[in-house]
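A.B. asks: Sharing final-v7.txt (compact mmCIF, C-alpha atoms) below.
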```
# COMPACT_ATOMS: atom_id res chain seq x y z
CA MET A 21 -7.47 -5.21 -22.95
CA GLN A 22 -11.18 -4.41 -22.92
CA PRO A 23 -12.05 -0.78 -22.01
CA HIS A 24 -14.20 -1.84 -19.03
CA VAL A 25 -11.34 -3.97 -17.67
CA THR A 26 -8.90 -1.09 -18.07
CA ARG A 27 -11.33 1.23 -16.30
CA ALA A 28 -11.84 -1.27 -13.46
CA LEU A 29 -8.08 -1.54 -12.94
CA GLN A 30 -7.71 2.24 -12.96
CA ASP A 31 -10.51 2.57 -10.40
CA TRP A 32 -8.96 -0.11 -8.20
CA TYR A 33 -5.53 1.54 -8.35
CA GLY A 34 -7.04 4.94 -7.54
CA ALA A 35 -8.89 3.55 -4.51
CA TRP A 36 -5.75 1.71 -3.38
CA THR A 37 -3.70 4.92 -3.58
CA VAL A 38 -6.29 6.84 -1.54
CA HIS A 39 -6.25 4.20 1.22
CA GLU A 40 -2.45 3.99 1.24
CA ARG A 41 -2.12 7.77 1.60
CA ALA A 42 -4.77 7.84 4.34
CA ALA A 43 -2.82 5.22 6.29
CA GLN A 44 0.38 7.25 5.92
CA ALA A 45 -1.43 10.37 7.11
CA ALA A 46 -2.90 8.58 10.14
CA PHE A 47 0.52 7.34 11.26
CA THR A 48 2.18 10.73 10.80
CA VAL A 49 -0.57 12.40 12.82
CA ALA A 50 -0.14 9.86 15.62
CA PHE A 51 3.66 10.01 15.42
CA PRO A 52 4.76 13.34 13.91
CA ALA A 53 8.42 12.29 13.88
CA LEU A 54 7.72 9.70 11.15
CA SER A 55 8.47 10.57 7.54
CA LEU A 56 8.39 8.69 4.24
CA SER A 57 11.62 6.83 3.70
CA ASP A 58 13.58 4.97 1.09
CA PRO A 59 14.55 2.23 0.86
CA ARG A 60 11.26 0.51 1.48
CA CYS A 61 11.01 -2.51 3.73
CA GLN A 62 10.38 -5.99 2.46
CA CYS A 63 6.63 -5.32 2.74
CA PHE A 64 6.52 -3.73 -0.75
CA GLY A 65 4.60 -0.70 0.46
CA PRO A 66 5.53 2.71 1.83
CA THR A 67 7.89 2.82 4.79
CA LEU A 68 7.78 5.59 7.39
CA ARG A 69 10.79 6.03 9.70
CA TRP A 70 12.39 8.24 12.26
CA GLU A 71 15.63 8.03 14.15
CA LYS A 72 16.82 10.85 16.37
CA PRO A 73 19.49 10.43 19.03
CA GLY A 74 17.93 10.66 22.47
CA GLU A 75 14.39 10.56 21.06
CA GLY A 76 14.16 6.93 19.98
CA LEU A 77 13.60 5.36 16.64
CA GLY A 78 10.76 3.79 14.79
CA LYS A 79 9.52 2.31 11.58
CA VAL A 80 6.07 1.65 10.12
CA CYS A 81 5.71 -0.54 7.04
CA LEU A 82 2.48 -0.54 5.06
CA ASP A 83 2.24 -3.72 3.04
CA ASP A 84 0.40 -4.57 -0.13
CA HIS A 85 -2.42 -6.21 1.86
CA VAL A 86 -3.31 -2.95 3.66
CA ARG A 87 -1.67 -4.07 6.91
CA ALA A 88 0.77 -2.06 8.98
CA THR A 89 3.73 -3.29 10.97
CA ALA A 90 5.07 -0.84 13.53
CA GLU A 91 8.36 -1.10 15.40
CA PHE A 92 9.30 1.51 17.99
CA ASP A 93 12.18 1.71 20.45
CA ASN A 94 12.66 4.18 23.32
CA VAL A 95 9.74 6.38 22.31
CA LEU A 96 9.52 9.56 24.35
CA LYS A 97 6.19 11.14 25.14
CA GLU A 98 7.09 14.12 22.95
CA ALA A 99 7.47 11.88 19.87
CA SER A 100 3.75 11.06 19.78
CA ALA A 101 0.79 13.33 19.16
CA LYS A 102 -0.69 15.33 21.99
CA PRO A 103 -4.30 14.66 23.07
```
Translate this structure into structure tokens?

C.D. replies:
Amino acid sequence: MQPHVTRALQDWYGAWTVHERAAQAAFTVAFPALSLSDPRCQCFGPTLRWEKPGEGLGKVCLDDHVRATAEFDNVLKEASAKP
């Protein structure tokens, strides 16, 4: 592979990683109960989850197109960030 192509791919991957981590950080600030989880969802990106009895459950999937899918059930006020 040509050096400039290799460099372009490395730059793209670096930028992708920065955006993916920023998205994870934004969701964990908004919903502190979320944490990185394995296994990943079918979206091929990071999956953030929480499940605590009496506090609800939730999942955020970040896909490989920089989209997020969020599913929450019985979220208490205390599970989200304070203004």

A.B. asks: Pick from A:Cys63, A:Thr48, A:Leu54, A:Tyr33: nearest to A:Gly76, with all atoms listed in the file counted?

C.D. replies: A:Leu54

A.B. asks: Give me the residues near A:Cys61 as a list in words, where near means some atom within 9 Å (using only C-alpha atoms) and where sequence neighbours in that chain fewer than 5 positions away do not count.

C.D. replies: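 Answer for this query is Pro66, Thr67, Cys81, Leu82 and Asp83 of chain A.
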
A.B. asks: For A:Val86, which of A:Asp58, A:Gln44, A:Ala50, A:Glu71 is the closest residue, counting only C-alpha atoms?

C.D. replies: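 The answer is A:Gln44, which sits nearest to A:Val86.
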
A.B. asks: Could you tell me how far atom CA of A:Ser57 sits from atom CA of A:Arg69, in Å to one decimal place?

C.D. replies: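 The value is 6.1 Å.
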
A.B. asks: Quick one: pull the distance between atom CA of A:Trp32 and atom CA of A:Ala46, Å, one decimal.

C.D. replies: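 Separation of atom CA of A:Trp32 and atom CA of A:Ala46: 21.2 Å.
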
A.B. asks: Can you find the residues with an atom no farther than 9 Å from (10.1, 5.1, 15.4), counting all atoms listed in the file, and report them as a list in words?

C.D. replies: Phe51, Ala53, Leu54, Leu68, Arg69, Trp70, Glu71, Lys72, Glu75, Gly76, Leu77, Gly78, Lys79, Val80, Ala90, Glu91, Phe92, Asp93, Asn94, Val95 and Ala99 of chain A

A.B. asks: Would you work out the distance separating atom CA of A:Phe64 from atom CA of A:Ala88, expressed in Å to one decimal?

C.D. replies: 11.4 Å

A.B. asks: Please enclose the listed atoms of stretch 47-63 of chain A in an axis-aligned box, pad each side by 3 Å, and write out the centre and the three edge lengths in Å, rounded to one decimal, as AutoDock Vina command-line options.

C.D. replies:
```
--center_x 7.0 --center_y 3.7 --center_z 8.2 --size_x 21.1 --size_y 25.3 --size_z 20.8
```

A.B. asks: My list of candidates is A:Pro23, A:Pro52, A:Gly34, A:Gly65. Which is closest to A:Asp84 when distances are computed with all atoms listed in the file?

C.D. replies: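 Residue with the minimum atom-to-atom distance to A:Asp84: A:Gly65.
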